[in-house]
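Some notes on the structure that comes next.
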Amino acid sequence: MSDPSPVRADLPRVAHHVPRSGIRRRQTLALLVALGLAPLIAVAVLATTIAGSAITQQINDRLIGASRQAGAYIDQLISARSEMLNSIAADPVAVAAVEQSPTSDPASTSALLTALAVAEGHTQGIALFNGAGLQVAQTGRASAIAGLPLNWRTRLAQGGFVAASAGTPTNPAVDVAVPVLDAGTAVGFLAENYDLTPAASSLAGFATAQGMGITVFDTQGRLILGVQVSASGDVTPMSQWTPDAALTARVDSAAATGQVGIDDSSGGQVAAYGALSQVSWVARAALPGSAMTPIADLRIAIFSVAGALALLFVAAVNLVSRALKRQEETEVALVEQSAALEDVAMHDPLTSLPNRLLFNDRLQQSITNARRKQHRVSLFVLDVDGFKRLNDALGHEAGDMLLKETAARLQASVRASDTVARIGGDEFVILAVDADLADAELIQAKIRQRMDEPVPIDGRPVSLRLSIGVAVFPADGTESAQLLRRADSNMYLDKRAVKARGPRDTAADEHDSDGEGPEAT
């Protein structure tokens with residue numbers, strides 16, 4: 001199945017543009033030689049205008065792309081937090097606690113929040129509130145609502161989630177809150193204070209690759225987190241920022257319109273401002289004003305050549321050729337950087353499988369194609385039984401090896417047209433296109449056959465067992481969310497069925513602690 005990501009879809013067009021640029025450069029040079037000395041000044045002016053516009057557009061495109069990619073990264077992180085909190089808020093233990101049900105157990109409530117805090121290593125504080133906004137349970141060292149606006153409960157009662165900055169530039173954090181729903185009505189709230197320091201580190205790596213500063217502001221122009229690049233290329237985190245009216249106006253404009261705006265008069269820098277979609281923040285990508293120096297340098301060089309007339313004519317042709325060639329090389333470098341960033345954003349770093357973002361896109365595309373062609377699509381949700389305790393007992397390095405081996409065996413069990421993805425922890429999914437229930441059963445049999453062979457870890461055979469749930473389009477649902485829920489439900493039925501038959505004498509059974517609910521890692 002082809003990769004539907006927008007960056008990769010654009011690569012052929014850019015790749016075709018580069019050879020055409022080379023042809024245009026050679027034609028321009030041939031024209032200069034043919035015309036001779038008489039029109040040299042006119043040609044120099046034209047070359048300056050074209051090259052200057054191209055360099056300006058190139059810088060603008062680079063800044064716009066960087067601001068969008070930085071914003072998308074923060075959006076994805078906050079969206080992931082809201083999804084995780086929603087899964088906890090839907091737990092019957094949380095619902096019973098906020099409704100003060102007779103079945104409510106404070107110990108179970110505390111254990112639920114503690115499990116999330118332990119599983120999510122960057123969680124600094126989690127709190128559960130009833131409908132009146134009174135806290136009923138809390139874990140962690142930080143307040144989970146300190147950064148939320150005053151009307152956060154009212155906004156949550158209307159649906160969705162609320163997120164706001166809750167830290168400082170040196171210790172960035174975000175508060176995310178979701179409603180606890182009972183029959184579609186908000187009966188309480190679950191909030192988390194999440195540490196954004198790792199996100200700042202990721203932005204630092206991105207800024208290094210792009211050679212530009214990356215900052216994130218709220219709509220008042222206050223710095224949430226950011227990194228700056230020195231003239232020597234060193235990347236350092238930003239500890240403070242003094243808001244000014246011009247910057248605040250740019251931020252407000254980007255947040256209000258949702259468009260990316262270019263600013264070439266911001267403190268000697270050239271910057272792009274792009275609004276985030278999940279929270280009212282704006283990502284800013286900035287280059288120093290010296291980034292525009294090549295335009296001035298090119299103008300001086302060309303007119304110097306024109307003044308020298310015949311003596312410097314050959315040098316002028318060579319200078320124009322080099323300038324246009326640098327432009328082509330820069331375009332190729334930008335394509336390679338964009339492709340690398342796309343690959344990182346769309347694939348799991350441990351197993352190199354597609355991640356949740358890419359998988360969801362492929363699932364939606366497969367459903368659309370299947371609906372049009374009246375084909376079947378099979379969706380598998382798979383969970384490694386007992387992985388948490390195996391990971392704790394054998395160590396994280398061994399746990400990573402088990403996940404890699406599981407990914408390899410799953411990949412070897414499916415067709416080339418199918419997609420295997422890791423969507424979190426020890427949970428995998430498989431998308432089998434043009435596959436009905438009978439095909440799904442064959443794939444499932446292949447998977448179980450391959451997983452029956454123990455995995456050698458430090459000379460010790462470790463047996464793995466997968467719980468597998470299958471859903472088939474359109475019999476089990478016509479939308480991606482329906483298929484995922486059905487496959488997930490069938491996976492837990494499979495897990496309970498295996499447990500009902502009693503444990504086997506395997507390493508996985510000795511360490512099995514998955515229970516009947518999902519294990520967050």
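Ordering of the structure tokens sets the chain letters (A, B, ...); residue numbers start at 1 within each chain; ligands are numbered from 1 in the order shown.
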
Would you list the contacts of range 375-383 of chain A as number ranges by chain, taking every protein, DNA or RNA residue within 8 Å and counting only C-alpha atoms, but skipping same-chain residues closer than 6 positions in sequence?
-> A: 366-367, 369, 426-437, 440, 466-474, 483-484, 487-488, 491

From the list A:Ala163, A:Val180, A:Ala107, A:Ile443, which residue is nearest Pro92 in chain A when using only C-alpha atoms?
->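 Of A:Ala163, A:Val180, A:Ala107, A:Ile443, the one nearest Pro92 in chain A is A:Val180, counting only C-alpha atoms.
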
Would you list the contacts of range 190-198 of chain A as a VMD selection string, taking every protein, DNA or RNA residue within 9 Å and counting only C-alpha atoms, but skipping same-chain residues closer than 6 positions in sequence?
-> chain A and resid 81 85 to 86 88 to 89 94 122 to 130 140 142 to 147 166 to 167 170 to 180 225

Test item: residues at most 7 Å from range 244-259 of chain A, only C-alpha atoms, excluding those fewer than 6 positions along its chain, as a ChimeraX atom specification | /A:219-221,273-275,280-282

Would you mind exporting N, CA, C and O atoms of the selected residues as a PDB file, in the first residue's frame?
ATOM      1  N   THR A 219      -1.443  33.216  23.105  1.00  0.00           N
ATOM      2  CA  THR A 219      -2.005  34.337  22.357  1.00  0.00           C
ATOM      3  C   THR A 219      -1.710  35.693  22.995  1.00  0.00           C
ATOM      4  O   THR A 219      -2.011  36.730  22.401  1.00  0.00           O
ATOM      5  N   GLN A 220      -1.137  35.707  24.203  1.00  0.00           N
ATOM      6  CA  GLN A 220      -0.703  36.971  24.815  1.00  0.00           C
ATOM      7  C   GLN A 220       0.769  37.274  24.505  1.00  0.00           C
ATOM      8  O   GLN A 220       1.331  38.225  25.024  1.00  0.00           O
ATOM      9  N   GLY A 221       1.371  36.452  23.672  1.00  0.00           N
ATOM     10  CA  GLY A 221       2.771  36.672  23.317  1.00  0.00           C
ATOM     11  C   GLY A 221       3.740  36.200  24.372  1.00  0.00           C
ATOM     12  O   GLY A 221       4.920  36.555  24.331  1.00  0.00           O
ATOM     13  N   TYR A 273       4.931  32.505  11.518  1.00  0.00           N
ATOM     14  CA  TYR A 273       4.069  32.207  12.656  1.00  0.00           C
ATOM     15  C   TYR A 273       2.943  31.287  12.187  1.00  0.00           C
ATOM     16  O   TYR A 273       2.179  31.647  11.286  1.00  0.00           O
ATOM     17  N   GLY A 274       2.835  30.103  12.800  1.00  0.00           N
ATOM     18  CA  GLY A 274       1.786  29.159  12.426  1.00  0.00           C
ATOM     19  C   GLY A 274       0.972  28.732  13.636  1.00  0.00           C
ATOM     20  O   GLY A 274       1.528  28.357  14.675  1.00  0.00           O
ATOM     21  N   ALA A 275      -0.362  28.788  13.513  1.00  0.00           N
ATOM     22  CA  ALA A 275      -1.241  28.436  14.635  1.00  0.00           C
ATOM     23  C   ALA A 275      -1.324  26.929  14.805  1.00  0.00           C
ATOM     24  O   ALA A 275      -1.330  26.169  13.832  1.00  0.00           O
ATOM     25  N   SER A 280      -4.678  26.946  21.795  1.00  0.00           N
ATOM     26  CA  SER A 280      -4.500  28.320  21.295  1.00  0.00           C
ATOM     27  C   SER A 280      -3.057  28.795  21.476  1.00  0.00           C
ATOM     28  O   SER A 280      -2.773  29.726  22.233  1.00  0.00           O
ATOM     29  N   TRP A 281      -2.138  28.150  20.798  1.00  0.00           N
ATOM     30  CA  TRP A 281      -0.731  28.517  20.794  1.00  0.00           C
ATOM     31  C   TRP A 281      -0.286  28.757  19.362  1.00  0.00           C
ATOM     32  O   TRP A 281      -0.977  28.373  18.406  1.00  0.00           O
ATOM     33  N   VAL A 282       0.867  29.384  19.227  1.00  0.00           N
ATOM     34  CA  VAL A 282       1.424  29.675  17.912  1.00  0.00           C
ATOM     35  C   VAL A 282       2.897  29.275  17.908  1.00  0.00           C
ATOM     36  O   VAL A 282       3.631  29.592  18.853  1.00  0.00           O
TER      37      VAL A 282
END
